>>> print(open('protein21.txt').read())   # compact mmCIF, C-alpha atoms
# COMPACT_ATOMS: atom_id res chain seq x y z
CA MET A 123 58.40 -134.66 94.76
CA GLN A 124 57.43 -136.64 97.89
CA PRO A 125 56.01 -139.63 95.96
CA GLU A 126 59.31 -139.94 94.06
CA ALA A 127 61.70 -139.12 96.92
CA ASN A 128 60.41 -142.23 98.64
CA TRP A 129 62.06 -144.34 95.93
CA ILE A 130 65.51 -142.74 95.84
CA SER A 131 66.94 -145.21 98.34
CA ARG A 132 65.27 -148.12 96.51
CA ALA A 133 66.13 -147.30 92.91
CA PRO A 134 67.16 -150.48 91.04
CA SER A 135 70.56 -149.16 89.92
CA LEU A 136 73.01 -146.36 90.60
CA LYS A 137 72.15 -144.79 87.24
CA ARG A 138 68.41 -144.80 88.02
CA LYS A 139 69.15 -143.38 91.46
CA ALA A 140 71.19 -140.48 90.05
CA ILE A 141 68.43 -139.76 87.51
CA LEU A 142 65.71 -139.85 90.16
CA MET A 143 67.68 -137.50 92.40
CA ALA A 144 68.08 -135.07 89.51
CA LYS A 145 64.33 -135.20 88.90
CA VAL A 146 63.45 -134.65 92.55
CA GLN A 147 65.88 -131.73 92.68
CA ASP A 148 64.14 -130.25 89.62
CA GLU A 149 60.76 -130.62 91.32
CA ALA A 150 62.03 -128.77 94.39
CA GLY A 151 63.27 -126.05 92.02
CA HIS A 152 59.84 -125.84 90.36
CA GLY A 153 58.34 -125.20 93.77
CA LEU A 154 60.83 -122.37 94.28
CA TYR A 155 60.15 -120.82 90.84
CA LEU A 156 56.43 -120.78 91.58
CA TYR A 157 56.81 -119.39 95.08
CA SER A 158 58.99 -116.63 93.58
CA ALA A 159 56.27 -115.84 91.04
CA ALA A 160 53.55 -115.83 93.70
CA GLU A 161 55.68 -113.63 95.93
CA THR A 162 55.61 -110.84 93.34
CA LEU A 163 51.91 -110.47 94.18
CA GLY A 164 52.84 -109.36 97.69
CA GLN A 165 52.43 -112.41 99.93
CA PRO A 166 55.71 -113.08 101.86
CA ARG A 167 57.33 -116.48 101.30
CA ASP A 168 57.25 -117.59 104.93
CA GLN A 169 53.53 -116.84 105.11
CA MET A 170 52.90 -119.06 102.07
CA MET A 171 54.96 -121.87 103.61
CA GLN A 172 53.03 -121.47 106.84
CA ASP A 173 49.69 -121.67 105.00
CA LEU A 174 50.86 -124.86 103.31
CA MET A 175 51.87 -126.46 106.59
CA ASP A 176 48.65 -125.38 108.29
CA GLY A 177 46.66 -127.06 105.52
CA LYS A 178 45.25 -123.72 104.30
CA ALA A 179 47.07 -123.51 100.97
CA LYS A 180 45.89 -125.62 98.03
CA TYR A 181 48.28 -127.75 96.04
CA SER A 182 47.91 -130.16 93.15
CA SER A 183 45.67 -133.14 93.90
CA ILE A 184 48.18 -135.52 92.34
CA PHE A 185 50.70 -135.33 95.19
CA ASN A 186 48.25 -137.10 97.49
CA TYR A 187 48.48 -140.46 95.76
CA PRO A 188 50.95 -143.16 96.89
CA ALA A 189 53.81 -144.52 94.73
CA ARG A 190 53.59 -148.23 95.46
CA THR A 191 56.25 -149.78 93.19
CA TRP A 192 59.27 -148.78 91.13
CA ALA A 193 57.00 -148.84 88.08
CA ASP A 194 55.11 -145.92 89.63
CA MET A 195 58.25 -143.84 89.00
CA GLY A 196 57.73 -144.63 85.32
CA ALA A 197 53.99 -143.93 85.37
CA ILE A 198 54.47 -140.68 87.28
CA GLY A 199 57.10 -139.47 84.82
CA TRP A 200 55.19 -140.50 81.73
CA MET A 201 51.62 -139.63 82.73
CA VAL A 202 51.78 -137.15 85.62
CA ASP A 203 54.66 -135.11 84.23
CA GLY A 204 53.17 -135.56 80.76
CA ALA A 205 49.87 -134.09 81.98
CA ALA A 206 51.82 -131.29 83.66
CA ILE A 207 53.55 -130.46 80.35
CA ALA A 208 50.27 -130.51 78.40
CA ASN A 209 48.84 -128.13 80.99
CA GLN A 210 51.87 -125.89 81.34
CA VAL A 211 53.08 -125.38 77.77
CA PRO A 212 50.19 -122.95 77.06
CA LEU A 213 50.87 -121.30 80.45
CA CYS A 214 54.31 -120.23 79.18
CA ARG A 215 52.42 -117.51 77.32
CA ALA A 216 50.19 -116.55 80.24
CA SER A 217 49.52 -112.84 80.64
CA PHE A 218 51.10 -112.74 84.12
CA GLY A 219 54.81 -112.38 83.32
CA PRO A 220 56.43 -113.90 86.45
CA TYR A 221 54.22 -116.98 86.13
CA GLY A 222 54.81 -117.37 82.39
CA ARG A 223 58.57 -117.04 82.80
CA ALA A 224 58.58 -119.65 85.59
CA MET A 225 56.61 -121.97 83.31
CA VAL A 226 59.18 -121.70 80.52
CA ARG A 227 61.81 -123.10 82.88
CA VAL A 228 59.48 -125.71 84.31
CA CYS A 229 58.48 -127.05 80.90
CA LYS A 230 62.06 -127.34 79.73
CA GLU A 231 62.87 -129.52 82.72
CA GLU A 232 59.66 -131.55 82.70
CA SER A 233 60.40 -132.94 79.26
CA PHE A 234 63.38 -134.82 80.72
CA HIS A 235 61.09 -136.15 83.47
CA GLN A 236 58.55 -137.45 81.00
CA ARG A 237 61.13 -139.20 78.84
CA GLN A 238 62.84 -140.85 81.79
CA GLY A 239 59.44 -142.09 83.01
CA PHE A 240 58.58 -143.46 79.59
CA GLU A 241 61.92 -145.26 79.48
CA ILE A 242 61.34 -146.89 82.88
CA LEU A 243 57.98 -148.23 81.68
CA LEU A 244 59.39 -149.34 78.34
CA GLU A 245 62.17 -151.32 79.99
CA LEU A 246 59.78 -152.96 82.44
CA SER A 247 57.35 -153.71 79.63
CA ASN A 248 60.10 -155.47 77.69
CA GLY A 249 61.27 -157.33 80.81
CA THR A 250 59.85 -160.39 82.56
CA PRO A 251 56.07 -161.02 82.61
CA GLU A 252 56.06 -159.88 86.25
CA GLN A 253 57.83 -156.64 85.36
CA LYS A 254 55.43 -156.01 82.51
CA GLN A 255 52.51 -156.59 84.86
CA MET A 256 54.02 -154.18 87.38
CA ALA A 257 54.26 -151.52 84.64
CA GLN A 258 50.65 -152.12 83.58
CA GLU A 259 49.39 -151.89 87.14
CA ALA A 260 51.21 -148.60 87.69
CA VAL A 261 49.67 -147.19 84.50
CA ASN A 262 46.26 -148.38 85.71
CA ARG A 263 46.75 -146.63 89.05
CA TRP A 264 47.92 -143.27 87.69
CA TYR A 265 45.67 -142.92 84.63
CA ALA A 266 42.61 -141.38 86.31
CA PRO A 267 44.54 -139.20 88.80
CA ALA A 268 46.67 -137.87 85.89
CA LEU A 269 43.55 -136.97 83.86
CA MET A 270 42.08 -135.21 86.88
CA MET A 271 45.17 -132.98 87.09
CA PHE A 272 43.60 -130.81 84.37
CA GLY A 273 40.92 -129.80 86.86
CA PRO A 274 37.16 -130.35 86.98
CA PRO A 275 35.04 -130.58 83.79
CA ASP A 276 34.42 -127.26 82.07
CA ASP A 277 30.79 -127.05 83.22
CA ASP A 278 31.92 -127.44 86.85
CA SER A 279 35.10 -125.35 86.96
CA PRO A 280 34.53 -122.30 89.20
CA ASN A 281 37.90 -120.59 88.54
CA SER A 282 38.25 -121.18 84.80
CA LYS A 283 36.16 -118.23 83.65
CA GLN A 284 38.26 -115.69 85.53
CA SER A 285 41.60 -117.23 84.46
CA MET A 286 40.49 -117.37 80.84
CA ALA A 287 39.27 -113.75 80.98
CA TRP A 288 42.63 -112.63 82.32
CA ASN A 289 44.43 -114.72 79.71
CA ILE A 290 46.28 -116.75 82.34
CA LYS A 291 44.65 -119.95 81.16
CA ARG A 292 44.38 -120.16 77.39
CA PHE A 293 42.62 -123.51 76.85
CA SER A 294 39.84 -125.14 78.86
CA ASN A 295 40.37 -128.09 81.22
CA ASP A 296 38.48 -130.53 79.00
CA GLU A 297 40.21 -129.33 75.87
CA LEU A 298 43.66 -129.95 77.35
CA ARG A 299 42.56 -133.25 78.91
CA ASN A 300 41.26 -134.58 75.60
CA ARG A 301 44.40 -133.45 73.82
CA PHE A 302 46.45 -135.34 76.43
CA VAL A 303 44.36 -138.52 76.06
CA GLY A 304 45.06 -138.47 72.34
CA MET A 305 48.81 -138.34 72.96
CA MET A 306 48.64 -141.15 75.55
CA MET A 307 46.71 -143.35 73.12
CA GLU A 308 49.56 -143.26 70.63
CA GLN A 309 52.37 -143.56 73.17
CA VAL A 310 50.87 -146.47 75.10
CA LYS A 311 51.10 -148.59 71.93
CA VAL A 312 54.88 -148.10 71.85
CA LEU A 313 54.99 -149.23 75.48
CA GLY A 314 53.05 -152.39 74.64
CA LEU A 315 50.63 -151.56 77.46
CA THR A 316 46.99 -150.43 77.60
CA LEU A 317 45.08 -147.55 79.19
CA PRO A 318 42.52 -148.64 81.80
CA ASP A 319 39.63 -146.94 80.02
CA LYS A 320 37.41 -148.95 77.71
CA ASP A 321 35.36 -145.91 76.76
CA ILE A 322 38.15 -143.94 75.07
CA ARG A 323 37.03 -143.02 71.58
CA PHE A 324 37.89 -140.68 68.75
CA ASN A 325 34.92 -138.45 68.06
CA GLU A 326 34.70 -138.24 64.27
CA GLU A 327 32.52 -135.14 64.44
CA THR A 328 34.71 -133.01 66.70
CA LYS A 329 37.95 -134.75 65.59
CA LYS A 330 38.88 -135.04 69.25
CA TRP A 331 39.64 -137.89 71.63
CA GLU A 332 37.21 -138.49 74.46
CA HIS A 333 37.80 -140.44 77.65
CA GLY A 334 35.45 -142.48 79.83
CA PRO A 335 33.82 -141.17 83.02
CA LEU A 336 36.08 -140.05 85.88
CA ASP A 337 35.26 -140.20 89.57
CA TRP A 338 34.93 -136.49 90.35
CA ASP A 339 33.75 -137.22 93.89
CA GLU A 340 37.19 -138.68 94.54
CA PHE A 341 38.78 -135.54 93.08
CA HIS A 342 36.81 -133.27 95.41
CA GLU A 343 37.60 -135.51 98.39
CA VAL A 344 41.33 -135.28 97.64
CA LEU A 345 41.12 -131.49 97.25
CA ALA A 346 39.25 -131.29 100.56
CA GLY A 347 42.20 -132.98 102.25
CA ARG A 348 40.77 -136.49 102.38
CA GLY A 349 42.85 -138.24 99.71
CA PRO A 350 44.96 -141.36 100.26
CA CYS A 351 48.11 -139.49 101.40
CA ASN A 352 47.12 -135.88 102.25
CA ALA A 353 47.86 -136.16 105.96
CA GLN A 354 51.11 -138.04 105.39
CA ARG A 355 52.36 -135.51 102.81
CA LEU A 356 51.66 -132.49 105.02
CA GLU A 357 53.13 -134.19 108.08
CA ARG A 358 56.33 -134.90 106.10
CA ARG A 359 56.44 -131.25 105.02
CA ARG A 360 56.12 -130.00 108.61
CA GLU A 361 58.71 -132.50 109.80
CA ALA A 362 61.21 -131.36 107.14
CA HIS A 363 60.58 -127.73 108.07
CA GLN A 364 61.18 -128.41 111.76
CA ASN A 365 64.26 -130.53 111.11
CA GLY A 366 65.70 -127.73 109.00
CA ALA A 367 65.08 -125.04 111.63
CA TRP A 368 68.61 -125.21 113.06
CA VAL A 369 70.12 -124.75 109.60
CA ARG A 370 68.04 -121.64 108.97
CA GLU A 371 68.89 -120.27 112.41
CA ALA A 372 72.61 -120.96 112.01
CA ALA A 373 72.73 -119.34 108.57
CA ALA A 374 70.89 -116.26 109.84
CA ALA A 375 73.20 -116.00 112.88
CA TYR A 376 76.28 -116.33 110.67
CA ALA A 377 75.05 -113.66 108.26
CA GLU A 378 74.32 -111.32 111.17
CA LYS A 379 77.77 -111.88 112.69
CA GLN A 380 79.51 -111.28 109.35
CA ALA A 381 77.55 -108.06 108.85
CA MET A 382 78.53 -106.87 112.33
CA LYS A 383 82.22 -107.62 111.69
CA GLN A 384 82.03 -105.75 108.42
CA ALA A 385 80.44 -102.73 110.14
CA GLU A 386 83.15 -102.73 112.82
CA LYS A 387 85.86 -102.84 110.19
CA GLU A 388 84.30 -99.91 108.33
CA SER A 389 83.87 -97.76 111.44
CA ALA A 390 87.52 -98.46 112.46
CA ALA A 391 88.80 -97.42 109.05
CA MET B 199 48.33 -128.34 113.87
CA THR B 200 49.70 -124.83 113.67
CA THR B 201 53.42 -124.11 113.84
CA GLU B 202 54.29 -120.55 114.76
CA PRO B 203 56.60 -118.79 112.32
CA GLN B 204 59.91 -118.04 114.01
CA ALA B 205 60.90 -114.40 114.07
CA GLY B 206 64.24 -113.38 112.58
CA ASN B 207 64.25 -116.23 110.09
CA VAL B 208 62.97 -114.35 107.10
CA TRP B 209 65.84 -114.18 104.67
CA PRO B 210 66.05 -111.29 102.22
CA ILE B 211 65.20 -111.73 98.52
CA TRP B 212 68.06 -111.72 96.00
CA GLU B 213 67.65 -111.21 92.28
CA VAL B 214 69.76 -113.61 90.21
CA PHE B 215 71.49 -112.75 86.93
CA VAL B 216 73.21 -115.44 84.87
CA ARG B 217 75.61 -115.05 81.96
CA SER B 218 75.53 -118.01 79.59
CA SER B 219 78.76 -119.14 77.97
CA ARG B 220 77.81 -117.57 74.63
CA GLY B 221 75.66 -114.80 76.03
CA LEU B 222 76.76 -111.21 75.81
CA SER B 223 75.72 -110.08 79.26
CA HIS B 224 74.12 -111.27 82.49
CA VAL B 225 70.40 -111.90 82.11
CA HIS B 226 67.85 -111.94 84.90
CA ALA B 227 67.04 -115.57 85.74
CA GLY B 228 64.81 -115.22 88.80
CA SER B 229 64.97 -114.64 92.50
CA LEU B 230 65.58 -116.54 95.72
CA HIS B 231 65.88 -116.11 99.46
CA ALA B 232 69.24 -116.37 101.22
CA PRO B 233 70.78 -115.09 104.46
CA ASP B 234 73.86 -113.58 102.78
CA ALA B 235 75.58 -113.08 99.44
CA ALA B 236 77.70 -116.25 99.66
CA MET B 237 74.65 -118.44 100.28
CA ALA B 238 72.68 -116.56 97.63
CA LEU B 239 75.38 -117.41 95.07
CA ARG B 240 75.42 -121.08 96.04
CA ASN B 241 71.63 -121.34 96.01
CA ALA B 242 71.52 -119.53 92.66
CA ARG B 243 74.01 -122.04 91.24
CA ASP B 244 71.86 -124.96 92.45
CA LEU B 245 68.58 -123.43 91.33
CA TYR B 246 69.42 -121.75 88.02
CA THR B 247 72.47 -123.49 86.53
CA ARG B 248 71.89 -127.24 86.89
CA ARG B 249 72.21 -127.76 83.15
CA ASN B 250 75.22 -125.64 82.23
CA GLU B 251 73.09 -122.53 81.82
CA GLY B 252 75.83 -120.22 82.96
CA VAL B 253 79.49 -119.41 83.48
CA SER B 254 78.92 -116.44 85.77
CA ILE B 255 76.29 -115.42 88.33
CA TRP B 256 75.45 -112.07 89.92
CA VAL B 257 73.20 -111.84 92.96
CA VAL B 258 71.79 -108.47 94.00
CA PRO B 259 69.64 -107.71 97.06
CA ALA B 260 66.18 -107.08 95.59
CA GLU B 261 65.75 -103.97 97.74
CA ALA B 262 68.89 -102.44 96.16
CA ILE B 263 67.30 -102.41 92.71
CA ALA B 264 65.60 -99.21 91.57
CA SER B 265 63.13 -99.62 88.72
CA SER B 266 61.19 -97.35 86.40
CA ASP B 267 57.50 -96.94 87.11
CA PRO B 268 55.50 -99.33 84.88
CA ASP B 269 52.48 -97.01 85.08
CA SER B 270 54.31 -94.08 83.52
CA LYS B 271 56.26 -95.97 80.86
CA GLY B 272 54.55 -93.94 78.14
CA SER B 273 56.01 -90.60 79.17
CA PHE B 274 59.24 -92.09 80.52
CA PHE B 275 60.14 -93.72 77.20
CA GLU B 276 58.68 -90.95 75.04
CA SER B 277 61.92 -89.50 73.70
CA PRO B 278 62.63 -92.04 70.88
CA GLN B 279 59.11 -91.59 69.43
CA GLY B 280 59.23 -90.03 65.97
CA LYS B 281 63.02 -90.20 65.80
CA ASP B 282 63.27 -92.76 63.02
CA TYR B 283 66.54 -91.17 61.91
CA ARG B 284 68.22 -93.03 64.76
CA HIS B 285 67.80 -96.27 62.79
CA ALA B 286 69.87 -97.32 59.78
CA THR B 287 66.67 -98.21 57.89
CA TYR B 288 65.74 -94.49 57.79
CA TYR B 289 68.43 -93.86 55.16
CA THR B 290 67.14 -95.26 51.86
CA LYS B 291 69.09 -93.31 49.23
CA SER B 292 72.09 -95.58 49.66
CA GLU B 293 70.13 -98.71 48.74
CA GLY B 294 72.08 -100.98 46.39
CA VAL B 295 75.45 -99.65 47.50
CA LYS B 296 77.55 -102.59 48.67
CA HIS B 297 79.04 -103.05 52.15
CA LEU B 298 77.19 -100.04 53.53
>>> encode(input="protein21.txt", output="structure tokens")
Amino acid sequence: MQPEANWISRAPSLKRKAILMAKVQDEAGHGLYLYSAAETLGQPRDQMMQDLMDGKAKYSSIFNYPARTWADMGAIGWMVDGAAIANQVPLCRASFGPYGRAMVRVCKEESFHQRQGFEILLELSNGTPEQKQMAQEAVNRWYAPALMMFGPPDDDSPNSKQSMAWNIKRFSNDELRNRFVGMMMEQVKVLGLTLPDKDIRFNEETKKWEHGPLDWDEFHEVLAGRGPCNAQRLERRREAHQNGAWVREAAAAYAEKQAMKQAEKESAA
Amino acid sequence: MTTEPQAGNVWPIWEVFVRSSRGLSHVHAGSLHAPDAAMALRNARDLYTRRNEGVSIWVVPAEAIASSDPDSKGSFFESPQGKDYRHATYYTKSEGVKHL
């Protein structure tokens, strides 16, 4: 949500601005759905928020990359939200009910995000040579980070075994990643752009798409808090929390006052 | 940097039920935190009905909901077992009779 929110005030038209605001609002909602699901396991919401702000809680590696141009809004929608959908559709049937139910909602909303991203890229691609180049560069920037969203390769994924055993995860990281690459390969042709990976190939034996090597050292650096925007993202989160403190306090004070008035009225009656 | 959580700012959890325009009854949509019922309703509208999902919302304090024990669902829901005669499909002699 932070990479996109940065572009709300710079959207190229009122229509694009309204669409981007709707998307960012959805993303905030997805955060709330997931916090609700996590809360059913017993951890209070404010503790989870605190862990996030203290840098203790993990979050998706993708949020730590910068959105440099308007075309990045297209690439994020098409590739990042596309990867999220590929990952999350199977999660709708996860064995943990609150999580699965949250995912059903999330997936329904993400499909709008992916289409609007694709449309941004398509329009830029059919625009001036400079616009087309901007679209291509955004695709180049987001390709590898989007593929890494599926998590580390299967032979180096410490949490996969447990999640698969509990039927939370139903397909392996590499399986979903390869499936996603296959979809991108078809869709990028419609865009008139290319994927920045000369090693993509269709494996005739396994009947699956395979991508070129990814920089997993970068992935681990980002997860460890040393990505391009980690510090900036967390600082923004803390700032927003502090700036909103007076609203939370006022709402709590109002609720308390109303409850007191109600109690007085009842005891008088 | 560590920011201390402020006491007294933990809002209660509300369970949200939404009735869709063609739905028969309110269906559980999810939960949220809010300081009071009025804010819970507004937050529920913004979180769960951004795409015309509903024409009516109920919010209920989560602590006010009593629920059956998932661990004893076997004995709790035992009564209907073996009582097939409570279903229309139990009665087969009338097969072929129209409008029945």
>>> closest_atom_pairs(input="protein21.txt", of="chain A", to="chain B", cutoff="8 Å", atoms="only C-alpha atoms", output="CSV")
residue,atom,partner,partner_atom,distance
A:Gly151,CA,B:Leu245,CA,6.0
A:Leu154,CA,B:Leu230,CA,7.7
A:Tyr155,CA,B:Gly228,CA,7.6
A:Ser158,CA,B:Ser229,CA,6.4
A:Asp168,CA,B:Val208,CA,6.9
A:Gln172,CA,B:Pro203,CA,7.1
A:Met175,CA,B:Thr200,CA,7.6
A:Asp176,CA,B:Thr200,CA,5.5
A:Arg370,CA,B:Asn207,CA,6.7
A:Glu371,CA,B:Asn207,CA,6.6
A:Ala373,CA,B:Pro233,CA,6.2
A:Ala374,CA,B:Pro233,CA,5.5
A:Ala377,CA,B:Asp234,CA,5.6
>>> residues_around(input="protein21.txt", residues="Lys291 of chain A", least_positions_apart="5", cutoff="8 Å", atoms="all atoms listed in the file", output="JSON, numbers by chain")
{"A": [212, 213, 216, 282, 285, 286]}
>>> closest_residue(input="protein21.txt", among="B:Val258, B:Val253, B:Ala264, B:Val295", to="Gly221 of chain B", atoms="all atoms listed in the file")
B:Val253
>>> residues_around(input="protein21.txt", residues="segment 319-321 of chain A", least_positions_apart="2", cutoff="10 Å", atoms="only C-alpha atoms", output="PyMOL selection string")
chain A and resi 262+265-266+316-317+323-324+332-336
>>> residues_around(input="protein21.txt", residues="segment 204-206 of chain A", least_positions_apart="3", cutoff="7 Å", atoms="only C-alpha atoms", output="PyMOL selection string")
chain A and resi 199-201+209-210+236+268+302
